Every structure is written in C-alpha cells, then in structure tokens.
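Have a look at the structure below before the remarks.
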Amino acid sequence: MQPLLHPFSFRVIAADGTARTGEIATAHGIVRTPAFMPVGTQAAIKGVHPDDVRASGADIMLGNTYHLMLRPSAERIAALGGLHKFMRWPYPILTDSGGFQVMSLSALRKVTEEGVTFRSHIDGAMVELTPERSIEVQILLGSDIAMQLDELIALPAERAAIERAMQLSLRWAERCKRAFERAPPGRALFGIVQGGDDKDLREASARALTAIGFPGYAIGGLAVGEPQDVMFDIVAATAPVLPADRPRYLMGVGTPADILGAVARGIDMFDCVMPTRNGRHGLAFTRFGPINIKNAHHADDPRPLDAESRCPAARDFSRAYLHHLFKAGEALGGTLLSTVNLYYYQDLMDGARAAIAAGRFADYTAAIQAQWAAKADKAVG
C-alpha cells in the first residue's frame with residue numbers, strides 16, 4: 001500500500017468577496033481550488049491519455065462508482081492494487097456514490113429506505129446499492145474523496161417529493177458516515193446537500209449535514225435542466241450555510257460560464273463530462289468562445305485554434321486539419337479537441353485562482369465574458 005503523504009485537510013488561501021482560492025491536501029497530493037475535475041467514467045478520460053490530462057493542469061480526476069462496481073468490479077480493482085494503480089493516475093481521485101447513474105441509466109429501479117435496487121445496463125442483472133455498499137465499493141477503489149449515497153430526483157418536482165428525497169438522503173448520509181469509519185486514514189467522505197430548487201429545503205439539508213459532520217460538502221441535484229439563474233440562486237443561498245473551513249463541491253457543473261458564476265458564489269470544486277464529450281463531437285472551447293470545427297468554412301483555414309494556447313493541439317494543428325479529421329471519422333480528431341478543452345478548462349481555473357488571490361476576480365470574469373461576446377475571431381463558429 002502506498003504510504004500516506006499527509007492526511008486530508010483544506011485551507012483557504014485568499015478570498016475575493018465570496019469567491020475563494022485554497023488547497024485540499026490528500027494522500028496523493030494537493031488539489032488547488034477552485035478545481036475542475038475531469039470525469040474518468042470507467043477509469044479513463046475518454047479518448048485522452050492520462051499524461052495529457054495531467055499536463056493540462058488537472059490535480060484531481062473523478063471516477064464513477066456505478067460503472068466500476070459493475071465492470072470490472074471494485075473487488076477486482078482492489079485486488080489489482082486500487083484505482084490509482086489500475087488507471088496509472090498517482091494523483092488525487094474523487095469517486096461519486098453511484099446514485100446519479102442509478103437514477104439516470106436504469107429504466108427499472110426501486111428506491112426504499114434500505115437503498116436502491118436496479119437492473120444493470122450491462123447484463124440486466126439485478127443489483128442492490130445501499131449506503132453501506134456504496135461506501136464499501138469506494139473504499140475498495142481507494143479514492144481519496146468518497147461521496148455519500150443520495151437520492152436524486154428530476155426537476156421540476158412537487159415539494160413533497162423533493163423533501164422526501166432530501167430527508168432520505170440525510171438518513172443515508174448518517175449511514176454512509178458510519179460505514180466510512182472502516183476507511184483507511186487519510187481518506188475523506190463528503191455529504192451531499194439536496195432539496196431541489198427550494199431554498200428552505202436546501203438550507204435545512206445543509207444544516208443537517210453540517211450537524212452530522214463531514215470533511216467536505218457537495219451541492220447535488222442541480223445542472224439537470226433548470227435555468228442558470230435558478231442554479232445560481234440555489235448555490236448563493238446554500239454555500240453560506242456550509243462551513244467556511246470545508247471544501248464546497250457543485251456536482252456536474254458545467255459550462256465555463258456556469259463555473260465562473262459558481263466560483264463567484266463560493267464554490268471550490270467542479271466536475272463535468274462537457275470538455276471531453278463536446279470535444280468528441282467537434283466543439284472546441286477557446287478564448288474566443290466555442291468553435292465548431294465541423295463547420296465547412298474551416299476546411300481551408302490554415303490557422304490554429306489558438307496560437308497562444310499552452311495546449312499543443314490548439315497551437316500546432318491547423319483548423320483545416322482538425323476539420324479533416326472529423327470529416328474523415330478519425331478518432332484522433334476527438335482526442336485532440338478533448339485535450340484542447342481540458343487545457344481550456346484548467347487554464348480557466350488557473351486564471352480564476354490567480355485573480356482571486358489578486359482581488360480582481362470580478363474583473364477577470366468580466367474580461368473573459370467580454371472576449372466571448374466580442375468573438376474577436378470572425379470565423380470562430
């Protein structure tokens with residue numbers, strides 16, 4: 001077993017209004033916050049080499065409990081040395097609880113007080129996921145940060161249904177914390193605030209989770225189709241209720257604009273499949289706004305996506321070549337644009353950290369938004 005470098009801890013280095021920058025210390029290294037976590041659903045960032053993920057600036061990666069417990073299984077990964085060794089990522093890893101995928105991928109599921117029973121999307125087998133089993137899987141995987149099992153319901157929903165799911169998630173949070181007592185030293189379990197789009201329920205959930213006590217807290221159940229202003233209102237109402245000395249994680253977010261807005265409201269951690277998913281479909285995120293490389297006018301364009309980018313794929317390949325890769329169905333196209341997007345997201349976070357430390361985060365956000373709006377390159381689309 002790899003020796004612990006240091007126990008889990010979090011410190012705020014600087015704040016600018018409600019935006020803040022800091023560091024999360026884990027057994028596998030430091031996570032600079034605000035942090036964006038690339039999503040390695042099946043122990044891989046789809047189509048991107050781990051060395052390129054690290055080179056982009058990522059301090060931490062997310063692994064998916066639901067997918068890994070079904071294939072190849074947490075027990076197999078543990079026998080092979082744990083998730084860090086299995087995927088050759090010796091840096092921090094956060095694993096989700098599996099609850100979101102159960103709710104979104106399984107057509108047949110049953111939620112009870114005990115847990116959730118669902119049909120595997122792989123072979124149709126019936127599987128039971130309880131708070132205790134979710135924690136067991138995450139301990140076997142060996143992640144630095146584990147998440148409690150919670151019940152996520154789609155919005156919009158009746159208040160009674162939102163409150164029922166929120167209360168069930170709180171009871172599951174208590175069970176997860178007890179189960180996590182078996183985890184080796186140095187690992188951390190985060191609680192997840194639920195409550196839909198109801199500020200009172202969100203506050204009640206946040207206060208109850210704080211009373212239970214966790215090393216960090218997530219805000220779940222957002223970025224599921226609600227308007228951006230609703231998401232921001234819920235974040236702004238919820239973040240101040242959570243302990244200031246613990247990291248705050250907004251799950252499943254999101255677009256660059258979503259991230260900047262949430263950082264301004266006190267969020268420290270993000271994850272989303274958007275950089276790689278959009279990259280595989282030909283959409284690049286750049287300083288000039290999004291570029292759809294499939295558009296025909298790129299076919300004869302010798303310019304790179306961004307001559308000033310840190311990313312070799314954005315700097316060294318022509319738009320014409322990237323366009324060709326997608327038209328020809330070459331997998332390299334998706335790999336290159338996914339890499340471009342990972343660099344862009346990490347550069348966005350690096351700039352945010354520097355701006356907060358300098359007390360100019362509002363100016364930083366305004367400058368980025370102005371550049372998107374100006375579309376300085378007339379052929380960005």
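By convention here, the chains of the structure tokens are called A, B, ... in the order presented, each chain's residues are numbered starting at 1, and ligands are numbered starting at 1 in the order presented.
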Residues near segment 260-277 of chain A, anyone? I mean within 7 Å using only C-alpha atoms, not counting same-chain ones fewer than 6 positions away, as number ranges by chain. A: 18-20, 33-39, 46, 232, 235-236, 239, 247-254, 338, 341-342, 365
Can you tell me, as a list in words, what residues are no more than 9 Å from Ser97 of chain A when counting only C-alpha atoms, ignoring any on the same chain fewer than 4 positions away? Asn64, Thr65, Tyr66, Gln101, Pro131, Ser134, Ile135, Val137, Gln138, Ala146, Met147, Gln148, Leu149 and Asp150 of chain A
Residue contacts of segment 187-203 of chain A (6 Å, only C-alpha atoms) excluding same-chain residues fewer than 2 positions away, as an MDAnalysis selection string: chainID A and resid 144:148 162 166 185 205:206 214 216:220 238
Could you write out the selected residues, including all heavy atoms, as a CSV table (one decimal), in the first residue's frame?
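In the end it all went to again-v8.csv:
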chain,number,residue,atom,x,y,z
A,144,ASP,N,-9.5,9.1,-2.8
A,144,ASP,CA,-9.1,10.0,-1.8
A,144,ASP,C,-10.3,10.7,-1.2
A,144,ASP,O,-10.4,11.0,0.0
A,144,ASP,CB,-8.2,11.1,-2.3
A,144,ASP,CG,-6.9,10.5,-2.8
A,144,ASP,OD1,-6.0,10.1,-2.0
A,144,ASP,OD2,-6.8,10.3,-4.0
A,145,ILE,N,-11.3,10.9,-2.0
A,145,ILE,CA,-12.6,11.5,-1.6
A,145,ILE,C,-13.7,10.7,-2.1
A,145,ILE,O,-13.8,10.4,-3.3
A,145,ILE,CB,-12.7,13.0,-2.2
A,145,ILE,CG1,-11.6,13.9,-1.7
A,145,ILE,CG2,-14.1,13.6,-1.7
A,145,ILE,CD1,-11.6,15.2,-2.4
A,146,ALA,N,-14.6,10.2,-1.2
A,146,ALA,CA,-15.8,9.5,-1.5
A,146,ALA,C,-17.0,10.3,-1.3
A,146,ALA,O,-16.9,11.3,-0.5
A,146,ALA,CB,-15.8,8.2,-0.6
A,147,MET,N,-18.1,9.9,-1.9
A,147,MET,CA,-19.3,10.7,-1.8
A,147,MET,C,-20.4,9.8,-1.1
A,147,MET,O,-20.5,8.6,-1.4
A,147,MET,CB,-19.8,11.1,-3.1
A,147,MET,CG,-18.8,12.0,-3.9
A,147,MET,SD,-18.3,13.5,-3.1
A,147,MET,CE,-19.8,14.4,-2.9
A,148,GLN,N,-21.2,10.4,-0.3
A,148,GLN,CA,-22.4,9.7,0.3
A,148,GLN,C,-23.3,9.2,-0.8
A,148,GLN,O,-23.4,9.9,-1.9
A,148,GLN,CB,-23.1,10.5,1.3
A,148,GLN,CG,-23.9,11.6,0.6
A,148,GLN,CD,-25.2,12.0,1.4
A,148,GLN,OE1,-25.2,13.1,2.0
A,148,GLN,NE2,-26.2,11.2,1.3
A,162,ILE,N,-39.6,16.4,-3.3
A,162,ILE,CA,-38.3,16.9,-3.1
A,162,ILE,C,-37.9,16.7,-1.6
A,162,ILE,O,-36.8,16.3,-1.3
A,162,ILE,CB,-38.2,18.3,-3.5
A,162,ILE,CG1,-38.4,18.5,-5.0
A,162,ILE,CG2,-36.8,18.9,-3.1
A,162,ILE,CD1,-38.5,19.9,-5.5
A,166,MET,N,-34.9,14.4,0.0
A,166,MET,CA,-33.9,15.1,0.8
A,166,MET,C,-33.7,14.5,2.2
A,166,MET,O,-32.6,14.2,2.7
A,166,MET,CB,-34.3,16.6,1.0
A,166,MET,CG,-33.2,17.4,1.7
A,166,MET,SD,-33.5,17.5,3.5
A,166,MET,CE,-34.9,18.7,3.6
A,185,PRO,N,-7.0,5.6,7.2
A,185,PRO,CA,-6.7,7.0,7.5
A,185,PRO,C,-6.3,7.8,6.2
A,185,PRO,O,-5.8,7.3,5.3
A,185,PRO,CB,-5.6,7.0,8.5
A,185,PRO,CG,-5.6,5.6,9.0
A,185,PRO,CD,-6.1,4.7,7.9
A,205,SER,N,-31.2,21.0,4.6
A,205,SER,CA,-30.3,19.9,4.3
A,205,SER,C,-28.9,20.2,4.7
A,205,SER,O,-28.2,19.4,5.3
A,205,SER,CB,-30.4,19.5,2.8
A,205,SER,OG,-29.5,18.6,2.4
A,206,ALA,N,-28.5,21.4,4.3
A,206,ALA,CA,-27.1,21.9,4.6
A,206,ALA,C,-26.9,21.9,6.1
A,206,ALA,O,-25.8,21.5,6.6
A,206,ALA,CB,-26.9,23.3,4.0
A,214,PHE,N,-19.0,16.4,8.1
A,214,PHE,CA,-18.2,15.8,7.1
A,214,PHE,C,-17.0,16.7,6.8
A,214,PHE,O,-17.0,17.9,7.0
A,214,PHE,CB,-19.0,15.7,5.8
A,214,PHE,CG,-20.1,14.7,5.9
A,214,PHE,CD1,-21.4,15.1,6.3
A,214,PHE,CD2,-19.9,13.3,5.6
A,214,PHE,CE1,-22.4,14.1,6.4
A,214,PHE,CE2,-20.9,12.4,5.7
A,214,PHE,CZ,-22.2,12.8,6.1
A,216,GLY,N,-16.1,17.6,3.9
A,216,GLY,CA,-16.4,18.5,2.8
A,216,GLY,C,-17.9,18.3,2.4
A,216,GLY,O,-18.5,17.3,2.8
A,217,TYR,N,-18.4,19.2,1.6
A,217,TYR,CA,-19.8,19.1,1.3
A,217,TYR,C,-20.0,19.4,-0.2
A,217,TYR,O,-19.4,20.3,-0.8
A,217,TYR,CB,-20.6,20.2,2.1
A,217,TYR,CG,-20.5,19.9,3.6
A,217,TYR,CD1,-19.4,20.4,4.3
A,217,TYR,CD2,-21.4,19.1,4.3
A,217,TYR,CE1,-19.3,20.1,5.7
A,217,TYR,CE2,-21.3,18.8,5.6
A,217,TYR,CZ,-20.3,19.4,6.3
A,217,TYR,OH,-20.1,19.1,7.7
A,218,ALA,N,-21.0,18.7,-0.8
A,218,ALA,CA,-21.3,18.9,-2.2
A,218,ALA,C,-22.7,19.4,-2.3
A,218,ALA,O,-23.6,19.2,-1.4
A,218,ALA,CB,-21.2,17.6,-3.0
A,219,ILE,N,-23.0,20.1,-3.3
A,219,ILE,CA,-24.4,20.5,-3.7
A,219,ILE,C,-24.8,19.7,-4.9
A,219,ILE,O,-24.2,19.8,-5.9
A,219,ILE,CB,-24.5,22.0,-4.0
A,219,ILE,CG1,-24.0,22.9,-2.8
A,219,ILE,CG2,-25.9,22.4,-4.4
A,219,ILE,CD1,-24.0,24.4,-3.0
A,220,GLY,N,-25.7,18.8,-4.7
A,220,GLY,CA,-26.2,17.9,-5.7
A,220,GLY,C,-27.5,18.3,-6.3
A,220,GLY,O,-28.2,19.2,-5.8
A,238,THR,N,-27.2,28.4,-0.6
A,238,THR,CA,-26.7,27.2,0.1
A,238,THR,C,-25.3,27.3,0.6
A,238,THR,O,-25.0,27.0,1.7
A,238,THR,CB,-26.9,26.0,-0.8
A,238,THR,OG1,-28.2,25.9,-1.3
A,238,THR,CG2,-26.5,24.7,-0.1
Using only C-alpha atoms, which of A:Leu336, A:Ala125, A:Ala154, A:Val116 sits nearest Leu168 of chain A?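 Among A:Leu336, A:Ala125, A:Ala154, A:Val116, it is A:Val116 that comes nearest to Leu168 of chain A.
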Any idea what's packed within 12 Å of Pro72 of chain A, counting only C-alpha atoms, ignoring anything in its chain fewer than 2 positions away? Could you give it as a VMD selection string? chain A and resid 42 to 43 64 to 70 74 to 80 83 86 122 137 141
May I have the selected residues written with N, CA, C and O atoms, as a CSV table (one decimal), in the first residue's frame?
chain,number,residue,atom,x,y,z
A,42,GLN,N,-15.1,5.4,-16.6
A,42,GLN,CA,-14.8,3.9,-16.5
A,42,GLN,C,-13.3,3.8,-16.3
A,42,GLN,O,-12.6,3.0,-17.0
A,43,ALA,N,-12.7,4.6,-15.4
A,43,ALA,CA,-11.3,4.6,-15.1
A,43,ALA,C,-10.5,5.1,-16.2
A,43,ALA,O,-9.4,4.7,-16.5
A,64,ASN,N,-16.1,6.8,-11.6
A,64,ASN,CA,-17.5,6.6,-11.5
A,64,ASN,C,-17.8,5.2,-10.8
A,64,ASN,O,-17.5,4.2,-11.3
A,65,THR,N,-18.4,5.3,-9.6
A,65,THR,CA,-18.6,4.2,-8.7
A,65,THR,C,-19.6,3.2,-9.4
A,65,THR,O,-19.4,2.0,-9.4
A,66,TYR,N,-20.7,3.7,-10.0
A,66,TYR,CA,-21.7,2.8,-10.6
A,66,TYR,C,-21.0,2.0,-11.7
A,66,TYR,O,-21.2,0.7,-11.7
A,67,HIS,N,-20.3,2.6,-12.6
A,67,HIS,CA,-19.8,1.8,-13.7
A,67,HIS,C,-18.7,0.9,-13.3
A,67,HIS,O,-18.6,-0.3,-13.7
A,68,LEU,N,-17.8,1.3,-12.3
A,68,LEU,CA,-16.7,0.5,-11.9
A,68,LEU,C,-17.1,-0.7,-11.0
A,68,LEU,O,-16.5,-1.7,-11.1
A,69,MET,N,-18.2,-0.5,-10.3
A,69,MET,CA,-18.7,-1.6,-9.5
A,69,MET,C,-19.3,-2.7,-10.4
A,69,MET,O,-19.3,-3.9,-10.0
A,70,LEU,N,-19.8,-2.3,-11.5
A,70,LEU,CA,-20.4,-3.3,-12.4
A,70,LEU,C,-19.3,-3.9,-13.4
A,70,LEU,O,-19.4,-5.1,-13.7
A,74,ALA,N,-15.4,-3.5,-8.1
A,74,ALA,CA,-14.5,-2.9,-7.1
A,74,ALA,C,-13.5,-3.9,-6.5
A,74,ALA,O,-12.4,-3.6,-6.2
A,75,GLU,N,-14.0,-5.1,-6.4
A,75,GLU,CA,-13.2,-6.2,-5.8
A,75,GLU,C,-12.0,-6.5,-6.7
A,75,GLU,O,-10.8,-6.7,-6.2
A,76,ARG,N,-12.2,-6.5,-8.0
A,76,ARG,CA,-11.1,-6.8,-8.9
A,76,ARG,C,-10.1,-5.6,-8.9
A,76,ARG,O,-8.9,-5.9,-8.9
A,77,ILE,N,-10.6,-4.4,-8.9
A,77,ILE,CA,-9.7,-3.3,-8.9
A,77,ILE,C,-8.9,-3.3,-7.6
A,77,ILE,O,-7.7,-3.0,-7.7
A,78,ALA,N,-9.5,-3.6,-6.5
A,78,ALA,CA,-8.8,-3.6,-5.2
A,78,ALA,C,-7.7,-4.7,-5.3
A,78,ALA,O,-6.5,-4.5,-4.8
A,79,ALA,N,-8.0,-5.9,-5.9
A,79,ALA,CA,-7.0,-6.9,-6.0
A,79,ALA,C,-5.8,-6.6,-6.8
A,79,ALA,O,-4.7,-7.1,-6.7
A,80,LEU,N,-6.1,-5.6,-7.8
A,80,LEU,CA,-5.0,-5.2,-8.7
A,80,LEU,C,-4.3,-4.0,-8.2
A,80,LEU,O,-3.5,-3.4,-8.9
A,83,LEU,N,-7.6,1.8,-7.5
A,83,LEU,CA,-7.9,2.6,-8.7
A,83,LEU,C,-6.7,3.4,-9.2
A,83,LEU,O,-6.5,3.6,-10.4
A,86,PHE,N,-4.5,1.0,-10.9
A,86,PHE,CA,-5.2,0.4,-12.0
A,86,PHE,C,-5.2,1.3,-13.3
A,86,PHE,O,-5.0,0.9,-14.4
A,122,ILE,N,-25.6,-3.3,-18.2
A,122,ILE,CA,-24.7,-4.1,-19.0
A,122,ILE,C,-25.2,-5.5,-19.3
A,122,ILE,O,-25.3,-5.9,-20.5
A,137,VAL,N,-17.7,-0.1,-1.8
A,137,VAL,CA,-17.1,0.0,-3.2
A,137,VAL,C,-16.1,1.1,-3.2
A,137,VAL,O,-15.0,0.9,-3.8
A,141,LEU,N,-12.1,0.8,-4.0
A,141,LEU,CA,-11.5,1.5,-5.1
A,141,LEU,C,-10.3,2.3,-4.7
A,141,LEU,O,-9.3,2.5,-5.4
Output as an MDAnalysis selection string all residues of segment 109-301 of chain A that backbone DSSP marks as helix (DSSP H, G or I). chainID A and resid 131:141 159:182 199:212 228:241 256:264 274:280 296:298
Apply DSSP to the structure's backbone, then extract all residues of segment 3-228 of chain A labelled strand (DSSP E or B) and return them as number ranges by chain. A: 9-16, 19-26, 29-33, 35-40, 61-63, 93-95, 109-111, 116-119, 126-129, 145-147, 188-193, 216-219
Quick one: residues within 8 Å of segment 307-322 of chain A, only C-alpha atoms counted, chain neighbours fewer than 5 positions away excluded, as an mmCIF file with N, CA and C atoms, in the first residue's frame?
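Result file follows (result.cif):
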data_model
loop_
_atom_site.group_PDB
_atom_site.id
_atom_site.type_symbol
_atom_site.label_atom_id
_atom_site.label_comp_id
_atom_site.auth_asym_id
_atom_site.auth_seq_id
_atom_site.Cartn_x
_atom_site.Cartn_y
_atom_site.Cartn_z
ATOM 1 N N SER A 56 -2.495 18.999 -18.789
ATOM 2 C CA SER A 56 -3.459 20.087 -18.941
ATOM 3 C C SER A 56 -3.550 20.944 -17.687
ATOM 4 N N ILE A 293 -15.641 22.845 -35.126
ATOM 5 C CA ILE A 293 -14.650 22.577 -36.164
ATOM 6 C C ILE A 293 -15.244 21.836 -37.354
ATOM 7 N N HIS A 298 -14.056 25.917 -42.088
ATOM 8 C CA HIS A 298 -12.745 25.596 -41.533
ATOM 9 C C HIS A 298 -11.915 24.730 -42.480
ATOM 10 N N ALA A 299 -12.523 24.223 -43.553
ATOM 11 C CA ALA A 299 -11.844 23.253 -44.419
ATOM 12 C C ALA A 299 -10.568 23.812 -45.050
ATOM 13 N N ASP A 300 -10.496 25.110 -45.281
ATOM 14 C CA ASP A 300 -9.329 25.713 -45.928
ATOM 15 C C ASP A 300 -8.590 26.681 -45.012
ATOM 16 N N ASP A 301 -8.856 26.582 -43.705
ATOM 17 C CA ASP A 301 -8.307 27.557 -42.761
ATOM 18 C C ASP A 301 -6.981 27.040 -42.187
ATOM 19 N N PRO A 302 -5.862 27.694 -42.508
ATOM 20 C CA PRO A 302 -4.551 27.218 -42.044
ATOM 21 C C PRO A 302 -4.225 27.616 -40.608
ATOM 22 N N GLY A 333 -9.282 13.125 -34.107
ATOM 23 C CA GLY A 333 -9.956 14.417 -34.012
ATOM 24 C C GLY A 333 -10.585 14.620 -32.647
ATOM 25 N N LEU A 336 -7.848 15.068 -29.952
ATOM 26 C CA LEU A 336 -7.204 16.382 -29.961
ATOM 27 C C LEU A 336 -8.119 17.465 -29.394
ATOM 28 N N LEU A 337 -9.393 17.475 -29.798
ATOM 29 C CA LEU A 337 -10.286 18.514 -29.279
ATOM 30 C C LEU A 337 -10.619 18.298 -27.814
ATOM 31 N N THR A 339 -8.538 17.140 -25.669
ATOM 32 C CA THR A 339 -7.352 17.662 -24.995
ATOM 33 C C THR A 339 -7.361 19.184 -24.977
ATOM 34 N N VAL A 340 -7.721 19.790 -26.110
ATOM 35 C CA VAL A 340 -7.853 21.250 -26.169
ATOM 36 C C VAL A 340 -8.799 21.740 -25.074
ATOM 37 N N TYR A 343 -7.407 21.481 -21.455
ATOM 38 C CA TYR A 343 -6.483 22.595 -21.214
ATOM 39 C C TYR A 343 -7.253 23.885 -20.977
#
I'd like the contact shell of Val102 of chain A - 10 Å cut-off, only C-alpha atoms, skipping same-chain residues fewer than 6 positions apart - returned as a PyMOL selection string. chain A and resi 66-67+108-110+116-121+129+151-152
Please list as a list in words every residue within 8 Å of Asp59 of chain A, counting only C-alpha atoms and excluding residues in the same chain fewer than 4 positions away. Gly29, Ile30, Val31, Arg32, Ala35, Met37, Arg54, Tyr91 and Pro92 of chain A
Between A:Val111, A:Leu222, A:Leu305, A:Leu209, which has the minimum distance to Tyr344 of chain A (counting only C-alpha atoms)?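 Answer, going by the shortest atom-to-atom distance: A:Leu305.
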Point-to-point distance from atom CA of Thr21 of chain A to atom CA of Pro243 of chain A, Å rounded to tenths: 15.2 Å
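Atom CA of Pro156 of chain A sits 11.6 Å away from atom CA of Val230 of chain A.
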